[in-house]
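model_10.cif (mmCIF, C-alpha atoms)
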data_start
#
loop_
_atom_site.label_atom_id
_atom_site.label_comp_id
_atom_site.auth_asym_id
_atom_site.auth_seq_id
_atom_site.Cartn_x
_atom_site.Cartn_y
_atom_site.Cartn_z
CA MET A 1 0.00 0.00 0.00
CA ILE A 2 1.40 3.33 -1.07
CA TRP A 3 -0.71 5.91 0.67
CA GLN A 4 0.08 8.73 -1.79
CA LEU A 5 -1.20 6.63 -4.67
CA ASP A 6 -4.26 5.61 -2.64
CA LEU A 7 -4.99 9.21 -1.78
CA SER A 8 -4.70 10.49 -5.34
CA ILE A 9 -6.85 7.66 -6.73
CA LEU A 10 -9.48 8.24 -4.05
CA THR A 11 -9.56 11.97 -4.78
CA LEU A 12 -10.01 11.27 -8.46
CA ILE A 13 -12.78 8.77 -7.68
CA VAL A 14 -14.69 11.34 -5.63
CA ILE A 15 -14.26 13.94 -8.39
CA CYS A 16 -15.49 11.43 -10.99
CA ALA A 17 -18.48 10.49 -8.85
CA PHE A 18 -19.55 14.11 -8.48
CA ALA A 19 -18.92 14.80 -12.16
CA THR A 20 -21.10 11.84 -13.14
CA ILE A 21 -23.99 13.29 -11.18
CA MET A 22 -23.50 16.93 -12.13
CA VAL A 23 -22.82 16.64 -15.86
CA LYS A 24 -25.86 17.50 -17.98
CA ASP A 25 -24.81 15.49 -21.01
CA LEU A 26 -25.67 11.84 -20.45
CA LEU A 27 -23.01 10.56 -22.85
CA SER A 28 -20.31 12.40 -20.92
CA ALA A 29 -21.80 11.04 -17.71
CA ALA A 30 -21.52 7.49 -19.07
CA ILE A 31 -17.90 8.02 -20.09
CA ILE A 32 -17.01 9.59 -16.74
CA PHE A 33 -18.73 6.69 -15.02
CA GLY A 34 -16.49 4.35 -16.99
CA ALA A 35 -13.47 6.30 -15.77
CA TYR A 36 -14.84 6.05 -12.23
CA SER A 37 -15.11 2.26 -12.57
CA PHE A 38 -11.61 2.04 -13.91
CA LEU A 39 -10.25 4.07 -11.01
CA MET A 40 -12.10 1.82 -8.58
CA CYS A 41 -10.45 -1.10 -10.34
CA LEU A 42 -7.03 0.49 -9.87
CA LEU A 43 -7.74 1.14 -6.20
CA TRP A 44 -8.78 -2.45 -5.61
CA THR A 45 -5.75 -3.79 -7.40
CA GLU A 46 -3.62 -1.57 -5.24
CA MET A 47 -5.32 -2.92 -2.11
CA GLY A 48 -4.70 -6.48 -3.24
CA ALA A 49 -8.28 -7.47 -4.12
CA VAL A 50 -7.45 -8.55 -7.63
CA ASP A 51 -10.60 -10.63 -8.15
CA VAL A 52 -12.88 -7.71 -7.37
CA ALA A 53 -10.75 -5.42 -9.53
CA PHE A 54 -11.04 -7.87 -12.40
CA THR A 55 -14.82 -7.92 -12.07
CA GLU A 56 -14.95 -4.14 -11.93
CA ALA A 57 -12.74 -3.80 -15.00
CA SER A 58 -14.76 -6.23 -17.09
CA VAL A 59 -18.25 -5.41 -15.87
CA GLY A 60 -18.09 -1.83 -14.62
CA ALA A 61 -15.62 -0.21 -16.97
CA GLY A 62 -16.25 -2.49 -19.93
CA VAL A 63 -19.68 -3.86 -20.57
CA SER A 64 -21.85 -1.52 -18.53
CA THR A 65 -20.36 1.53 -20.27
CA VAL A 66 -21.18 -0.06 -23.61
CA LEU A 67 -24.73 -0.79 -22.45
CA PHE A 68 -25.15 2.80 -21.19
CA ILE A 69 -23.90 4.20 -24.48
CA ALA A 70 -26.18 1.90 -26.45
CA ALA A 71 -29.15 3.01 -24.35
CA ILE A 72 -28.22 6.69 -24.78
CA HIS A 73 -27.83 6.12 -28.51
CA GLN A 74 -31.38 4.84 -28.70
CA THR A 75 -32.93 7.55 -26.56
CA THR A 76 -31.45 10.98 -25.93
CA ARG A 77 -28.31 12.58 -24.65
CA ARG A 78 -29.99 15.35 -22.79
CA VAL A 79 -31.19 15.30 -19.23
CA GLY A 80 -34.88 16.06 -19.12
CA PHE A 81 -35.80 19.42 -17.69
CA ARG A 82 -37.09 18.63 -14.28
CA LYS A 83 -39.56 20.90 -12.57
CA SER A 84 -37.96 21.72 -9.27
CA GLY A 85 -40.14 20.56 -6.41
CA ARG A 86 -41.79 22.90 -4.02
CA GLY A 87 -39.94 24.08 -0.96
CA LEU A 88 -41.93 21.90 1.42
CA SER A 89 -41.21 18.61 -0.34
CA LYS A 90 -37.55 19.56 -0.64
CA ALA A 91 -37.40 20.26 3.08
CA ILE A 92 -39.10 16.95 3.87
CA GLY A 93 -36.59 15.14 1.67
CA LEU A 94 -33.68 16.89 3.37
CA VAL A 95 -34.99 16.04 6.85
CA ALA A 96 -35.56 12.41 5.87
CA ALA A 97 -32.07 12.11 4.41
CA LEU A 98 -30.49 13.69 7.50
CA LEU A 99 -32.49 11.45 9.85
CA THR A 100 -31.50 8.32 7.93
CA GLY A 101 -27.89 9.41 8.00
CA LEU A 102 -28.10 10.03 11.75
CA VAL A 103 -29.63 6.59 12.39
CA LEU A 104 -26.95 4.96 10.24
CA LEU A 105 -24.22 6.84 12.09
CA ILE A 106 -25.61 5.72 15.44
CA ALA A 107 -25.83 2.13 14.22
CA GLU A 108 -22.30 2.36 12.87
CA THR A 109 -20.86 2.87 16.37
CA ASP A 110 -21.88 -0.70 17.25
CA PHE A 111 -19.77 -2.14 14.46
CA PRO A 112 -16.13 -3.03 15.01
CA GLY A 113 -13.70 -0.46 13.64
CA PHE A 114 -12.92 -0.41 9.96
CA ALA A 115 -10.41 -3.17 9.14
CA SER A 116 -9.94 -3.79 12.83
CA PRO A 117 -7.89 -6.91 13.50
CA PHE A 118 -10.07 -7.68 16.54
CA SER A 119 -13.42 -7.80 14.78
CA PRO A 120 -15.14 -11.20 14.92
CA ALA A 121 -14.68 -11.70 11.18
CA SER A 122 -10.94 -11.14 11.39
CA LEU A 123 -10.56 -13.22 14.56
CA HIS A 124 -12.54 -16.33 13.68
CA LEU A 125 -13.61 -16.48 10.05
CA SER A 126 -10.73 -15.15 7.97
CA PRO A 127 -7.98 -17.19 9.66
CA TYR A 128 -9.94 -20.35 8.94
CA TYR A 129 -10.23 -19.55 5.25
CA ILE A 130 -6.63 -18.45 5.01
CA THR A 131 -5.17 -21.48 6.74
CA GLN A 132 -7.58 -24.25 5.77
CA THR A 133 -8.71 -23.51 2.22
CA LEU A 134 -5.84 -25.25 0.49
CA HIS A 135 -6.19 -28.22 2.80
CA ASP A 136 -9.98 -28.40 2.43
CA THR A 137 -10.44 -27.80 -1.25
CA ASN A 138 -7.04 -27.88 -2.95
CA VAL A 139 -7.75 -24.44 -4.42
CA PRO A 140 -5.01 -21.81 -4.08
CA ASN A 141 -7.25 -18.85 -4.80
CA ILE A 142 -9.09 -18.28 -1.54
CA VAL A 143 -11.54 -15.80 -3.04
CA THR A 144 -12.83 -18.31 -5.56
CA SER A 145 -13.17 -21.03 -2.97
CA VAL A 146 -15.10 -18.75 -0.63
CA LEU A 147 -17.34 -17.60 -3.47
CA ALA A 148 -17.98 -20.93 -5.07
CA ASP A 149 -17.71 -23.40 -2.20
CA TYR A 150 -18.08 -22.00 1.29
CA ARG A 151 -20.61 -19.44 0.17
CA GLY A 152 -21.86 -21.27 -2.90
CA PHE A 153 -25.48 -20.63 -2.02
CA ASP A 154 -24.96 -16.86 -2.24
CA THR A 155 -23.29 -17.14 -5.59
CA MET A 156 -26.05 -19.34 -6.94
CA PHE A 157 -28.56 -16.63 -6.22
CA GLU A 158 -26.24 -13.99 -7.65
CA THR A 159 -26.34 -15.93 -10.88
CA ALA A 160 -30.11 -16.14 -10.54
CA VAL A 161 -30.19 -12.35 -10.04
CA ILE A 162 -28.27 -11.83 -13.27
CA PHE A 163 -30.62 -14.19 -15.04
CA THR A 164 -33.61 -12.30 -13.64
CA ALA A 165 -32.09 -9.03 -14.82
CA GLY A 166 -31.86 -10.44 -18.31
CA LEU A 167 -35.46 -11.59 -18.12
CA ALA A 168 -36.52 -8.15 -16.90
CA VAL A 169 -34.76 -6.44 -19.79
CA ILE A 170 -36.44 -8.79 -22.23
CA ALA A 171 -39.81 -8.27 -20.56
CA ILE A 172 -39.51 -4.48 -20.70
CA LEU A 173 -37.85 -3.92 -24.05
CA ARG A 174 -38.84 -6.80 -26.28
CA ARG A 175 -41.49 -5.86 -28.80
CA TYR A 176 -43.14 -8.73 -30.56
CA LYS A 177 -45.79 -6.94 -32.58
CA LYS A 178 -45.09 -4.29 -35.11
CA ASP A 179 -47.83 -1.96 -33.87
CA ASP A 180 -46.68 -2.38 -30.30
CA GLN A 181 -44.75 0.89 -30.44
CA CYS A 182 -43.94 2.95 -27.41
CA GLU A 183 -43.14 6.64 -27.42
CA LEU A 184 -39.47 6.53 -28.28
CA PRO A 185 -37.66 8.65 -30.81
CA GLU A 186 -37.19 6.91 -34.12
CA PRO A 187 -34.29 4.49 -33.61
CA TYR A 188 -31.19 5.12 -35.58
CA ILE A 189 -30.51 1.98 -37.54
CA ILE A 190 -27.43 0.63 -35.86
CA SER A 191 -27.64 -2.84 -37.29
CA GLU A 192 -26.29 -1.79 -40.65
CA GLY A 193 -22.67 -1.62 -39.66
CA TYR A 194 -20.57 0.99 -41.37
CA PRO A 195 -18.28 -1.08 -43.60
CA ASP A 196 -14.84 -0.10 -42.38
CA THR A 197 -12.23 -2.62 -43.43
CA ILE A 198 -9.63 -1.69 -40.82
CA ILE A 199 -11.96 -1.91 -37.87
CA ARG A 200 -13.50 -5.14 -39.09
CA PHE A 201 -10.15 -6.77 -39.73
CA VAL A 202 -8.72 -5.87 -36.33
CA ALA A 203 -11.89 -6.87 -34.52
CA ARG A 204 -11.84 -10.18 -36.36
CA GLN A 205 -8.26 -10.74 -35.27
CA LEU A 206 -8.92 -9.80 -31.65
CA VAL A 207 -12.06 -11.82 -31.02
CA PRO A 208 -10.47 -15.31 -30.94
CA PHE A 209 -7.86 -14.12 -28.47
CA MET A 210 -10.52 -12.53 -26.29
CA GLN A 211 -12.52 -15.72 -26.23
CA LEU A 212 -9.45 -17.83 -25.55
CA PHE A 213 -8.52 -15.52 -22.69
CA ALA A 214 -12.07 -15.74 -21.34
CA LEU A 215 -11.94 -19.52 -21.37
CA TYR A 216 -8.61 -19.32 -19.56
CA VAL A 217 -10.14 -17.01 -16.97
CA VAL A 218 -13.02 -19.41 -16.41
CA ALA A 219 -10.98 -22.59 -16.33
CA HIS A 220 -8.12 -21.13 -14.33
CA GLY A 221 -10.34 -19.21 -11.94
CA HIS A 222 -9.45 -21.24 -8.90
CA HIS A 223 -5.72 -20.88 -9.42
CA SER A 224 -5.51 -17.23 -10.46
CA PRO A 225 -7.80 -14.21 -10.20
CA GLY A 226 -10.91 -14.57 -12.24
CA GLY A 227 -13.81 -16.91 -12.50
CA GLY A 228 -17.16 -17.45 -14.08
CA PHE A 229 -18.49 -13.90 -13.92
CA GLN A 230 -15.44 -12.29 -15.45
CA GLY A 231 -14.97 -14.95 -18.11
CA GLY A 232 -18.63 -14.84 -19.11
CA VAL A 233 -18.56 -11.07 -19.38
CA ILE A 234 -15.42 -11.20 -21.55
CA ILE A 235 -17.00 -13.72 -23.95
CA GLY A 236 -20.11 -11.54 -24.08
CA ALA A 237 -17.93 -8.49 -24.74
CA SER A 238 -16.23 -10.27 -27.64
CA PHE A 239 -19.64 -10.84 -29.23
CA ILE A 240 -20.55 -7.21 -28.58
CA LEU A 241 -17.31 -6.14 -30.29
CA LEU A 242 -18.34 -8.15 -33.34
CA ALA A 243 -21.80 -6.61 -33.17
CA ILE A 244 -20.35 -3.11 -33.12
CA SER A 245 -17.73 -3.59 -35.81
CA TYR A 246 -19.88 -5.70 -38.13
CA ASP A 247 -23.59 -5.50 -37.60
CA THR A 248 -26.13 -6.66 -35.09
CA ARG A 249 -27.73 -9.06 -37.51
CA MET A 250 -24.63 -11.20 -37.61
CA ILE A 251 -24.68 -11.58 -33.83
CA ILE A 252 -28.36 -12.43 -33.91
CA GLY A 253 -27.48 -15.07 -36.48
CA LEU A 254 -24.84 -16.48 -34.15
CA MET A 255 -26.75 -16.11 -30.90
CA SER A 256 -30.45 -15.95 -31.61
CA GLU A 257 -32.94 -15.00 -28.94
CA LYS A 258 -33.86 -18.61 -28.39
CA THR A 259 -30.22 -19.64 -27.97
CA ASN A 260 -29.62 -16.80 -25.54
CA ILE A 261 -32.52 -17.63 -23.27
CA LEU A 262 -31.74 -21.32 -23.51
CA LEU A 263 -28.09 -20.75 -22.58
CA GLY A 264 -29.05 -18.49 -19.68
CA ASN A 265 -31.33 -21.23 -18.38
CA ILE A 266 -28.70 -23.90 -18.91
CA GLY A 267 -26.11 -21.90 -16.99
CA VAL A 268 -28.28 -21.50 -13.91
CA LEU A 269 -29.38 -25.13 -14.27
CA ILE A 270 -25.79 -26.37 -14.30
CA TYR A 271 -25.19 -24.55 -11.05
CA ALA A 272 -28.34 -25.76 -9.34
CA GLY A 273 -27.98 -29.19 -10.92
CA ILE A 274 -24.56 -29.72 -9.39
CA GLY A 275 -26.09 -28.73 -6.07
CA PHE A 276 -28.88 -31.24 -6.49
CA LEU A 277 -26.42 -33.90 -7.59
CA CYS A 278 -24.67 -33.46 -4.25
CA LEU A 279 -28.08 -33.75 -2.58
CA LEU A 280 -28.79 -36.99 -4.45
CA LEU A 281 -25.44 -38.42 -3.47
CA GLY A 282 -26.28 -37.96 0.17
CA ALA A 283 -24.57 -34.72 1.14
CA ASN A 284 -25.83 -31.20 1.72
CA PHE A 285 -26.87 -28.94 -1.14
CA LEU A 286 -23.72 -27.74 -2.98
CA ASP A 287 -21.41 -29.89 -0.84
CA TYR A 288 -19.10 -30.92 -3.63
CA SER A 289 -17.03 -33.42 -1.68
CA MET A 290 -19.64 -36.07 -2.39
CA LEU A 291 -19.02 -35.68 -6.12
CA SER A 292 -15.98 -37.92 -5.67
CA LYS A 293 -18.41 -40.83 -5.90
CA VAL A 294 -19.30 -39.83 -9.47
CA LEU A 295 -16.11 -38.28 -10.77
CA PRO A 296 -13.45 -40.84 -11.58
CA ALA A 297 -10.10 -40.79 -9.81
CA THR A 298 -10.80 -37.98 -7.36
CA ASP A 299 -10.75 -37.90 -3.63
CA LYS A 300 -13.02 -35.68 -1.59
CA VAL A 301 -10.67 -32.71 -1.70
CA MET A 302 -10.18 -32.70 -5.45
CA ALA A 303 -13.91 -33.19 -5.93
CA ARG A 304 -14.53 -29.82 -4.28
CA SER A 305 -12.11 -28.22 -6.72
CA HIS A 306 -13.82 -29.87 -9.68
CA GLY A 307 -17.24 -28.93 -8.35
CA MET A 308 -16.14 -25.30 -8.26
CA LEU A 309 -14.97 -25.55 -11.85
CA GLY A 310 -18.38 -26.95 -12.82
CA ILE A 311 -20.35 -24.16 -11.27
CA GLU A 312 -17.96 -21.55 -12.68
CA ILE A 313 -18.71 -22.90 -16.13
CA GLY A 314 -22.42 -22.63 -15.40
CA VAL A 315 -22.03 -19.04 -14.20
CA ALA A 316 -19.96 -18.16 -17.28
CA ILE A 317 -22.57 -19.54 -19.69
CA ALA A 318 -25.40 -17.74 -17.95
CA VAL A 319 -23.57 -14.40 -17.74
CA MET A 320 -22.46 -14.57 -21.37
CA ALA A 321 -25.95 -15.24 -22.66
CA ILE A 322 -27.54 -12.56 -20.51
CA VAL A 323 -24.98 -9.89 -21.45
CA ILE A 324 -25.47 -10.57 -25.15
CA SER A 325 -29.24 -10.62 -24.87
CA ILE A 326 -29.33 -7.34 -22.92
CA TYR A 327 -27.09 -5.69 -25.52
CA ILE A 328 -29.16 -6.90 -28.48
CA ASN A 329 -32.39 -5.88 -26.81
CA ILE A 330 -31.15 -2.39 -26.05
CA VAL A 331 -29.49 -1.79 -29.39
CA SER A 332 -32.34 -3.01 -31.56
CA CYS A 333 -35.05 -1.37 -29.43
CA GLY A 334 -36.34 -4.84 -28.58
CA LYS A 335 -37.12 -5.62 -32.19
CA TYR A 336 -34.35 -8.11 -32.76
CA ASP A 337 -34.00 -6.62 -36.22
CA LYS A 338 -37.05 -8.26 -37.64
CA ASP A 339 -38.27 -5.16 -39.41
CA VAL A 340 -35.60 -2.52 -39.07
CA MET B 1 19.97 -3.06 -16.99
CA ASP B 2 18.57 -0.63 -14.44
CA ILE B 3 19.71 2.30 -16.53
CA ILE B 4 17.86 0.99 -19.59
CA VAL B 5 14.69 0.41 -17.55
CA ILE B 6 14.80 3.90 -16.08
CA LEU B 7 15.55 5.42 -19.46
CA LEU B 8 12.64 3.60 -21.11
CA SER B 9 10.11 4.43 -18.40
CA VAL B 10 11.14 8.06 -18.23
CA SER B 11 10.88 8.42 -21.99
CA GLY B 12 7.45 6.75 -21.80
CA LEU B 13 6.41 9.34 -19.22
CA VAL B 14 7.73 12.11 -21.45
CA PHE B 15 5.61 10.83 -24.33
CA PHE B 16 2.59 10.55 -22.04
CA PHE B 17 3.14 14.14 -20.99
CA ALA B 18 3.37 15.22 -24.61
CA THR B 19 0.12 13.37 -25.31
CA THR B 20 -1.64 15.16 -22.49
CA VAL B 21 -0.36 18.53 -23.60
CA GLY B 22 -1.44 17.70 -27.13
CA ILE B 23 -4.96 16.73 -26.07
CA LEU B 24 -5.31 19.92 -24.07
CA ARG B 25 -3.68 22.37 -26.45
CA PHE B 26 -4.44 21.28 -30.00
CA PRO B 27 -7.17 23.29 -31.69
CA ASP B 28 -9.66 20.74 -32.99
CA PHE B 29 -10.95 17.18 -32.76
CA TYR B 30 -8.73 15.63 -35.41
CA SER B 31 -5.43 16.98 -34.19
CA ARG B 32 -6.33 16.11 -30.61
CA MET B 33 -7.08 12.53 -31.60
CA HIS B 34 -3.85 12.48 -33.56
CA ALA B 35 -1.95 13.38 -30.41
CA ALA B 36 -3.91 10.93 -28.26
CA GLY B 37 -3.61 7.99 -30.62
CA LYS B 38 0.07 8.25 -31.45
CA GLY B 39 1.36 9.34 -28.07
CA ASP B 40 -0.71 6.86 -26.10
CA THR B 41 0.34 3.89 -28.18
CA LEU B 42 4.02 4.72 -28.23
CA SER B 43 4.31 5.62 -24.56
CA SER B 44 2.43 2.59 -23.29
CA LEU B 45 4.56 0.38 -25.54
CA ILE B 46 7.75 1.89 -24.16
CA MET B 47 6.63 1.62 -20.55
CA LEU B 48 5.52 -2.00 -20.99
CA LEU B 49 8.88 -2.81 -22.56
CA ALA B 50 10.53 -1.27 -19.51
CA LEU B 51 8.41 -3.57 -17.34
CA VAL B 52 9.48 -6.57 -19.41
CA LEU B 53 13.13 -5.71 -18.86
CA TYR B 54 12.51 -5.03 -15.18
CA ASN B 55 11.16 -8.56 -14.85
CA PHE B 56 14.50 -10.03 -15.89
CA HIS B 57 16.22 -8.92 -12.70
CA ASP B 58 16.41 -12.49 -11.52
CA PHE B 59 16.03 -14.78 -14.45
CA ASN B 60 13.78 -17.79 -13.97
CA LEU B 61 10.85 -19.47 -15.70
CA ALA B 62 8.10 -17.62 -13.82
CA ASN B 63 9.57 -14.22 -14.65
CA LEU B 64 10.00 -15.29 -18.26
CA LEU B 65 6.30 -16.17 -18.42
CA VAL B 66 5.31 -12.82 -16.93
CA ALA B 67 7.53 -11.08 -19.48
CA LEU B 68 5.89 -13.05 -22.29
CA LYS B 69 2.44 -12.06 -21.04
CA ILE B 70 3.45 -8.40 -20.97
CA LEU B 71 4.79 -8.77 -24.52
CA LEU B 72 1.39 -10.17 -25.53
CA ILE B 73 -0.25 -7.09 -24.00
CA VAL B 74 2.16 -4.99 -26.08
CA VAL B 75 1.04 -6.79 -29.23
CA PHE B 76 -2.63 -6.28 -28.43
CA ILE B 77 -2.19 -2.61 -27.57
CA PHE B 78 -0.26 -2.17 -30.79
CA MET B 79 -3.24 -3.59 -32.68
CA ALA B 80 -6.14 -2.17 -30.72
CA SER B 81 -5.11 1.36 -29.81
CA PRO B 82 -4.55 2.74 -33.34
CA THR B 83 -7.71 1.00 -34.49
CA ALA B 84 -9.72 2.61 -31.72
CA THR B 85 -8.29 6.01 -32.66
CA HIS B 86 -9.15 5.35 -36.28
CA ALA B 87 -12.70 4.35 -35.31
CA ILE B 88 -13.23 7.50 -33.24
CA ILE B 89 -11.86 9.78 -35.96
CA ASP B 90 -13.96 7.97 -38.54
CA ALA B 91 -17.06 8.46 -36.42
CA GLY B 92 -16.21 12.14 -36.08
CA TYR B 93 -15.79 12.47 -39.84
CA GLU B 94 -19.06 10.66 -40.44
CA SER B 95 -20.93 13.01 -38.14
CA GLY B 96 -19.50 15.97 -40.05
CA ILE B 97 -16.97 17.67 -37.82
CA GLN B 98 -15.12 20.28 -39.85
CA PRO B 99 -11.34 20.25 -39.59
CA TRP B 100 -9.73 23.34 -38.17
CA THR B 101 -8.31 25.77 -40.69
CA LYS B 102 -6.12 28.74 -40.20
CA LYS B 103 -8.60 31.23 -41.56
CA PRO B 104 -11.96 30.58 -39.94
CA GLU B 105 -13.72 33.26 -42.07
CA GLU B 106 -13.21 31.19 -45.23
CA GLU B 107 -15.37 28.42 -43.84
CA SER B 108 -18.60 30.10 -44.86
#

Final structure tokens representation of the file:
Amino acid sequence: MIWQLDLSILTLIVICAFATIMVKDLLSAAIIFGAYSFLMCLLWTEMGAVDVAFTEASVGAGVSTVLFIAAIHQTTRRVGFRKSGRGLSKAIGLVAALLTGLVLLIAETDFPGFASPFSPASLHLSPYYITQTLHDTNVPNIVTSVLADYRGFDTMFETAVIFTAGLAVIAILRRYKKDDQCELPEPYIISEGYPDTIIRFVARQLVPFMQLFALYVVAHGHHSPGGGFQGGVIIGASFILLAISYDTRMIIGLMSEKTNILLGNIGVLIYAGIGFLCLLLGANFLDYSMLSKVLPATDKVMARSHGMLGIEIGVAIAVMAIVISIYINIVSCGKYDKDV
Amino acid sequence: MDIIVILLSVSGLVFFFATTVGILRFPDFYSRMHAAGKGDTLSSLIMLLALVLYNFHDFNLANLLVALKILLIVVFIFMASPTATHAIIDAGYESGIQPWTKKPEEES
């Protein structure tokens, strides 16, 4: 930890956060938000939380900026003129915010100090993970083992949350009928990619490497930083790169709506299915050590490692499908290019 | 070895500084992107090369692998950064940004 670097990054983060809120132009706000995410990623790397930084870099700075820009492209750049509320409602809002802050501050005094070495988590929980993870699960990356094994139930529902987000985007944006128009400005036809040879060539060269790297991130997630979420987002981003540099139709040809929803389902099903498999084999839900009965040539410790790999693959498939489907839905105004 | 590393990283910083000055001081979109694209690519390449050399302080297989990975990043930056600059400038040209000229009254 270099405190000067920490301090300067933190200052920049606060500036970026305020700029994101204050800027009137939504496109600039999206770009500044991307910078904010990237600075957060730097800060986390500097603090040693490489897994979180990786997630922030791929999801926060990468894909979500693209999704924001796609949404702005389809709607408007300008912030709507808001009628300022009356004085009374403003005062009520201020009082409510101050009261909530006061209650939170009072509640905060009961917590152990920030990063205190004597807090219960640091005294009992963390030493167990740090000393026993390799012995328990044969996984060097403690973060992955906590995410996918010790707290596998949480992660399963995180995957379910992502899946639900994809379903919500489809439910809101997807337009099946032609006359089912909502009051949006006429969409600029983005699907007809501008035929630029240089961009297309370079994108074509980069995509295989991106996908290879994503597979590496997924498969190597329990030995190095990374895992299912990051790998899935990177595969999704490679498809989005193709969609931007070529056209959206090509991506829809590769990953149709049916394939996307099917893959999202399959991803969550792989996760839950491995859990149920453990249940069938006579252990607790998501207790992978019982998988050694099914997997050949593994003892109980290696079975936990393999179980983690299995659920990471499920997470990656689900995240990839959902990212692609959200992008296509936003960029084609939910029409999936049927009649653009 | 140390001298080469320091020399490379300092020259990378100099190019980064020139890029920043160029982005801030050049008069219009195209020249700013020109500064950003060229300076960014070159300076990040130089600094990554300095990191590669810095890795060879004690030579073993792990350090060699790290150096190879950094070299891969160099290759990808060398491909992606000029293309991104090209794409941005192309988008600017498509949306009809006029290049800066010395005599603005002749524009009309």

Residues of chain A that approach chain B to 8 Å or less, counting all atoms listed in the file: could you list each one with the shortest pair of atoms and its distance in Å to one decimal, rows by chain and increasing residue number, as a Markdown table?
| residue | atom | partner | partner_atom | distance |
| --- | --- | --- | --- | --- |
| A:Ile198 | CA | B:Thr83 | CA | 7.1 |
| A:Ile199 | CA | B:Thr83 | CA | 6.2 |
| A:Val202 | CA | B:Met79 | CA | 7.0 |
| A:Leu206 | CA | B:Phe76 | CA | 7.9 |

Residue nearest A:Tyr176 among A:Gly48, A:Thr20, A:Asn284, A:Asn329 (counting all atoms listed in the file): A:Asn329

Using the chain letters and numbers from the file, which residues does the PyMOL selection byres ((chain B and resi 43-47) around 7) grab, as an MDAnalysis selection string? chainID B and resid 8:9 12:13 15:16 39:42 48:51 74

Restricted to C-alpha atoms, what would the selected residues look like written as a CSV table (one decimal), in the coordinates of the input?
chain,number,residue,atom,x,y,z
B,8,LEU,CA,12.6,3.6,-21.1
B,9,SER,CA,10.1,4.4,-18.4
B,12,GLY,CA,7.4,6.8,-21.8
B,13,LEU,CA,6.4,9.3,-19.2
B,15,PHE,CA,5.6,10.8,-24.3
B,16,PHE,CA,2.6,10.6,-22.0
B,39,GLY,CA,1.4,9.3,-28.1
B,40,ASP,CA,-0.7,6.9,-26.1
B,41,THR,CA,0.3,3.9,-28.2
B,42,LEU,CA,4.0,4.7,-28.2
B,48,LEU,CA,5.5,-2.0,-21.0
B,49,LEU,CA,8.9,-2.8,-22.6
B,50,ALA,CA,10.5,-1.3,-19.5
B,51,LEU,CA,8.4,-3.6,-17.3
B,74,VAL,CA,2.2,-5.0,-26.1

Counting only C-alpha atoms, which residue out of A:Leu277, A:Ala321, A:Val315, A:Asn138 sits closest to A:Ala303?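 For A:Ala303, the nearest of the given residues is A:Asn138.
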
To one decimal place in Å, what is the distance between atom CA of A:Ile330 and atom CA of A:Ile172?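 Value for the atom CA of A:Ile330-atom CA of A:Ile172 distance: 10.1 Å.
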
When you draw a straight line from atom CA of A:Val169 to atom CA of A:Val331, how long is it in Å?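 Distance between the two atoms: 11.9 Å.
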
Give me, as a list in words, all polymer residues having an atom no more than 8 Å from stretch 213-224 of chain A, counting all atoms listed in the file and skipping those fewer than 2 positions away in the same chain.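 So the residues in contact are Val139, Pro140, Asn141, Ile142, Thr144, Ser145, Phe209, Met210, Gln211, Gly226, Gly227, Gly228, Gln230, Gly231, Gly232, Ile234, Ile235, Ser305, Met308, Leu309, Glu312, Ile313 and Ala316 of chain A.
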
Here's the selection I'm unsure about, the PyMOL selection byres ((chain A and resi 61-73) around 9); applied to the file above, which residues does it give, as a VMD selection string? chain A and resid 26 to 27 30 to 31 33 to 38 41 56 to 60 74 to 77 187 to 188 233 to 234 236 to 237 240 323 326 to 327 330 to 331 333

Please measure the separation of atom CA of A:Thr248 and atom CA of A:Phe201, giving the value in Å to one decimal.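 Straight-line distance from atom CA of A:Thr248 to atom CA of A:Phe201 works out to 16.6 Å.
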
For B:Asn63, work out the shell of residues within 12 Å, counting all atoms listed in the file and skipping chain neighbours fewer than 6 positions away, then give it as number ranges by chain. B: 51-57, 69-70

For each of A:Ile244, A:Ala318, A:Met156, A:Ile9, take the minimum atom-to-atom distance to A:Met40, counting all atoms listed in the file, then give the residue where this is smallest.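 Looking only at the distances to A:Met40, the closest residue turns out to be A:Ile9.
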
Could you list the residues chosen by the PyMOL selection byres ((chain B and resi 34) around 10) in this structure as a list in words?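 Given this file, the PyMOL selection byres ((chain B and resi 34) around 10) evaluates to Thr19, Gly22, Ile23, Phe26, Phe29, Tyr30, Ser31, Arg32, Met33, Ala35, Ala36, Gly37, Lys38, Gly39, Asp40, Pro82, Thr85, His86 and Ile89 of chain B.
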
Choose the residue, out of A:Lys293, A:Ile274, A:Ile324, A:Met302, that has the smallest atom-to-atom separation from A:Ser238; count all atoms listed in the file. A:Ile324

Residue among A:Gly113, A:His124, A:Leu269, A:Leu43 lying closest to A:Ser8, counting only C-alpha atoms: A:Leu43

I'd like to know which of A:Leu104, A:Leu12, A:Leu147, A:Ala203 is closest to A:Asp51, using only C-alpha atoms.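 Closest to A:Asp51, using only C-alpha atoms: A:Leu147.
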